[in-house]
$ cat upload11.cif   # mmCIF, N, CA and C atoms
data_protein
#
loop_
_atom_site.label_atom_id
_atom_site.label_comp_id
_atom_site.auth_asym_id
_atom_site.auth_seq_id
_atom_site.Cartn_x
_atom_site.Cartn_y
_atom_site.Cartn_z
N MET W 1390 24.47 93.33 -21.87
CA MET W 1390 23.62 93.86 -20.80
C MET W 1390 22.33 93.05 -20.74
N LEU W 1391 21.85 92.80 -19.56
CA LEU W 1391 20.63 92.04 -19.34
C LEU W 1391 19.42 92.91 -19.63
N GLU W 1392 18.55 92.46 -20.48
CA GLU W 1392 17.37 93.24 -20.86
C GLU W 1392 16.19 92.83 -19.99
N LEU W 1393 15.76 93.72 -19.10
CA LEU W 1393 14.66 93.41 -18.20
C LEU W 1393 13.30 93.75 -18.78
N SER W 1394 13.27 94.59 -19.79
CA SER W 1394 11.99 95.03 -20.31
C SER W 1394 11.57 94.26 -21.57
N ALA W 1395 12.27 93.20 -21.89
CA ALA W 1395 11.94 92.43 -23.09
C ALA W 1395 10.56 91.81 -22.95
N THR W 1396 9.85 91.73 -24.05
CA THR W 1396 8.53 91.11 -24.06
C THR W 1396 8.69 89.61 -23.82
N PRO W 1397 7.95 89.04 -22.86
CA PRO W 1397 8.08 87.61 -22.57
C PRO W 1397 7.59 86.77 -23.74
N ALA W 1398 8.16 85.59 -23.86
CA ALA W 1398 7.74 84.67 -24.91
C ALA W 1398 6.29 84.27 -24.68
N ALA W 1399 5.54 84.14 -25.76
CA ALA W 1399 4.13 83.77 -25.67
C ALA W 1399 3.98 82.42 -25.00
N GLY W 1400 3.04 82.32 -24.09
CA GLY W 1400 2.73 81.05 -23.44
C GLY W 1400 3.63 80.70 -22.26
N THR W 1401 4.52 81.60 -21.87
CA THR W 1401 5.37 81.29 -20.72
C THR W 1401 4.73 81.84 -19.44
N THR W 1402 4.91 81.11 -18.37
CA THR W 1402 4.39 81.55 -17.08
C THR W 1402 5.35 82.55 -16.46
N PRO W 1403 4.90 83.32 -15.48
CA PRO W 1403 5.82 84.25 -14.80
C PRO W 1403 7.02 83.52 -14.20
N LEU W 1404 6.81 82.32 -13.66
CA LEU W 1404 7.93 81.57 -13.09
C LEU W 1404 8.93 81.18 -14.17
N GLU W 1405 8.45 80.74 -15.31
CA GLU W 1405 9.35 80.40 -16.42
C GLU W 1405 10.13 81.63 -16.87
N GLN W 1406 9.49 82.77 -16.85
CA GLN W 1406 10.16 84.01 -17.25
C GLN W 1406 11.28 84.36 -16.29
N ILE W 1407 11.03 84.24 -14.98
CA ILE W 1407 12.06 84.59 -14.01
C ILE W 1407 13.19 83.56 -14.02
N VAL W 1408 12.88 82.30 -14.27
CA VAL W 1408 13.93 81.29 -14.38
C VAL W 1408 14.83 81.62 -15.56
N ARG W 1409 14.23 81.97 -16.69
CA ARG W 1409 15.01 82.34 -17.87
C ARG W 1409 15.87 83.57 -17.58
N LEU W 1410 15.29 84.54 -16.90
CA LEU W 1410 16.02 85.76 -16.57
C LEU W 1410 17.19 85.47 -15.62
N THR W 1411 16.95 84.69 -14.58
CA THR W 1411 18.01 84.41 -13.61
C THR W 1411 19.11 83.55 -14.22
N ARG W 1412 18.77 82.71 -15.17
CA ARG W 1412 19.80 81.91 -15.84
C ARG W 1412 20.69 82.78 -16.72
N ALA W 1413 20.20 83.94 -17.11
CA ALA W 1413 20.99 84.85 -17.95
C ALA W 1413 21.95 85.72 -17.12
N LEU W 1414 21.81 85.68 -15.80
CA LEU W 1414 22.69 86.48 -14.94
C LEU W 1414 24.12 85.93 -14.98
N PRO W 1415 25.10 86.78 -14.72
CA PRO W 1415 26.50 86.31 -14.67
C PRO W 1415 26.68 85.24 -13.60
N ARG W 1416 27.62 84.35 -13.82
CA ARG W 1416 27.87 83.25 -12.87
C ARG W 1416 28.24 83.75 -11.49
N GLU W 1417 28.83 84.94 -11.39
CA GLU W 1417 29.25 85.45 -10.09
C GLU W 1417 28.11 86.08 -9.29
N THR W 1418 26.91 86.09 -9.85
CA THR W 1418 25.75 86.60 -9.13
C THR W 1418 25.53 85.75 -7.87
N PRO W 1419 25.36 86.38 -6.71
CA PRO W 1419 25.15 85.60 -5.48
C PRO W 1419 23.97 84.63 -5.62
N VAL W 1420 24.20 83.40 -5.22
CA VAL W 1420 23.19 82.34 -5.34
C VAL W 1420 21.92 82.71 -4.59
N HIS W 1421 22.07 83.31 -3.43
CA HIS W 1421 20.88 83.67 -2.64
C HIS W 1421 20.01 84.69 -3.36
N LEU W 1422 20.63 85.59 -4.10
CA LEU W 1422 19.87 86.58 -4.87
C LEU W 1422 19.01 85.89 -5.92
N VAL W 1423 19.57 84.91 -6.59
CA VAL W 1423 18.83 84.15 -7.61
C VAL W 1423 17.69 83.38 -6.96
N GLU W 1424 17.95 82.73 -5.82
CA GLU W 1424 16.91 81.97 -5.12
C GLU W 1424 15.77 82.88 -4.68
N VAL W 1425 16.09 84.03 -4.14
CA VAL W 1425 15.06 84.97 -3.68
C VAL W 1425 14.24 85.48 -4.87
N ALA W 1426 14.90 85.77 -5.98
CA ALA W 1426 14.18 86.24 -7.17
C ALA W 1426 13.16 85.20 -7.62
N ARG W 1427 13.55 83.95 -7.58
CA ARG W 1427 12.62 82.89 -7.99
C ARG W 1427 11.48 82.74 -6.99
N LEU W 1428 11.78 82.84 -5.70
CA LEU W 1428 10.73 82.75 -4.69
C LEU W 1428 9.74 83.91 -4.80
N MET W 1429 10.25 85.09 -5.06
CA MET W 1429 9.39 86.26 -5.14
C MET W 1429 8.41 86.17 -6.30
N CYS W 1430 8.80 85.49 -7.33
CA CYS W 1430 7.94 85.36 -8.51
C CYS W 1430 6.83 84.35 -8.27
N ASP W 1431 7.05 83.41 -7.39
CA ASP W 1431 6.15 82.28 -7.25
C ASP W 1431 5.16 82.41 -6.09
N GLY W 1432 5.17 83.50 -5.34
CA GLY W 1432 4.29 83.61 -4.18
C GLY W 1432 3.25 84.70 -4.35
N ASP W 1433 2.29 84.72 -3.44
CA ASP W 1433 1.32 85.81 -3.48
C ASP W 1433 1.92 87.06 -2.85
N ILE W 1434 1.24 88.17 -2.94
CA ILE W 1434 1.78 89.45 -2.51
C ILE W 1434 2.06 89.48 -1.00
N ASP W 1435 1.20 88.86 -0.20
CA ASP W 1435 1.43 88.82 1.26
C ASP W 1435 2.68 88.00 1.57
N TYR W 1436 2.82 86.86 0.90
CA TYR W 1436 4.00 86.02 1.08
C TYR W 1436 5.26 86.78 0.68
N GLN W 1437 5.20 87.48 -0.44
CA GLN W 1437 6.35 88.24 -0.91
C GLN W 1437 6.75 89.32 0.10
N PHE W 1438 5.75 90.00 0.65
CA PHE W 1438 6.04 91.05 1.64
C PHE W 1438 6.70 90.45 2.88
N GLU W 1439 6.12 89.37 3.41
CA GLU W 1439 6.68 88.75 4.61
C GLU W 1439 8.08 88.21 4.36
N LEU W 1440 8.30 87.61 3.21
CA LEU W 1440 9.63 87.09 2.89
C LEU W 1440 10.63 88.24 2.80
N GLY W 1441 10.27 89.30 2.12
CA GLY W 1441 11.16 90.45 2.01
C GLY W 1441 11.47 91.06 3.35
N LEU W 1442 10.46 91.20 4.19
CA LEU W 1442 10.66 91.76 5.53
C LEU W 1442 11.57 90.86 6.35
N ASP W 1443 11.35 89.56 6.30
CA ASP W 1443 12.21 88.61 7.02
C ASP W 1443 13.66 88.71 6.55
N LEU W 1444 13.86 88.85 5.24
CA LEU W 1444 15.21 88.97 4.71
C LEU W 1444 15.89 90.25 5.18
N ILE W 1445 15.15 91.35 5.19
CA ILE W 1445 15.70 92.62 5.66
C ILE W 1445 16.07 92.53 7.13
N LEU W 1446 15.16 92.01 7.93
CA LEU W 1446 15.41 91.90 9.38
C LEU W 1446 16.58 90.97 9.68
N SER W 1447 16.67 89.86 8.94
CA SER W 1447 17.79 88.92 9.13
C SER W 1447 19.11 89.61 8.80
N GLY W 1448 19.12 90.40 7.74
CA GLY W 1448 20.32 91.13 7.37
C GLY W 1448 20.73 92.15 8.42
N LEU W 1449 19.74 92.85 8.96
CA LEU W 1449 20.03 93.82 10.01
C LEU W 1449 20.54 93.14 11.27
N GLU W 1450 19.94 92.02 11.66
CA GLU W 1450 20.37 91.29 12.85
C GLU W 1450 21.80 90.79 12.67
N ALA W 1451 22.15 90.37 11.48
CA ALA W 1451 23.51 89.87 11.23
C ALA W 1451 24.56 90.98 11.37
N ARG W 1452 24.16 92.21 11.11
CA ARG W 1452 25.09 93.34 11.19
C ARG W 1452 25.22 93.87 12.62
N LEU W 1453 24.31 93.54 13.50
CA LEU W 1453 24.38 94.08 14.88
C LEU W 1453 25.26 93.26 15.78
#
$ encode --input "upload11.cif" --output "structure tokens"
Amino acid sequence: MLELSATPAAGTTPLEQIVRLTRALPRETPVHLVEVARLMCDGDIDYQFELGLDLILSGLEARL
């Protein structure tokens, strides 16, 4: 099982932590999910909100 609450290694950046976490995911994990996780870690809060909103809206448009 993937441990999300593990204490990060000393001296690692948040981006390094998310890269390590996403590399631990099973190979069948959708590639886009891994890419989004990495993007979300590397942006400011406004960027993260806009990216998430765009992803939600794109998903809804694809279903209509």
$ atom_distance --input "upload11.cif" --atom1 "atom C of Leu1414 in chain W" --atom2 "CA of Gly1441 in chain W"
21.8 Å
$ atom_distance --input "upload11.cif" --atom1 "CA of Leu1440 in chain W" --atom2 "CA of Gln1406 in chain W"
20.4 Å
$ atom_distance --input "upload11.cif" --atom1 "CA of Leu1410 in chain W" --atom2 "atom C of Val1423 in chain W"
10.0 Å
$ axis_aligned_box --input "upload11.cif" --around "range 1404-1407 of chain W" --padding-each-side "4 Å" --output "JSON"
{"center_x": 10.0, "center_y": 82.5, "center_z": -15.2, "size_x": 14.4, "size_y": 12.2, "size_z": 12.2}
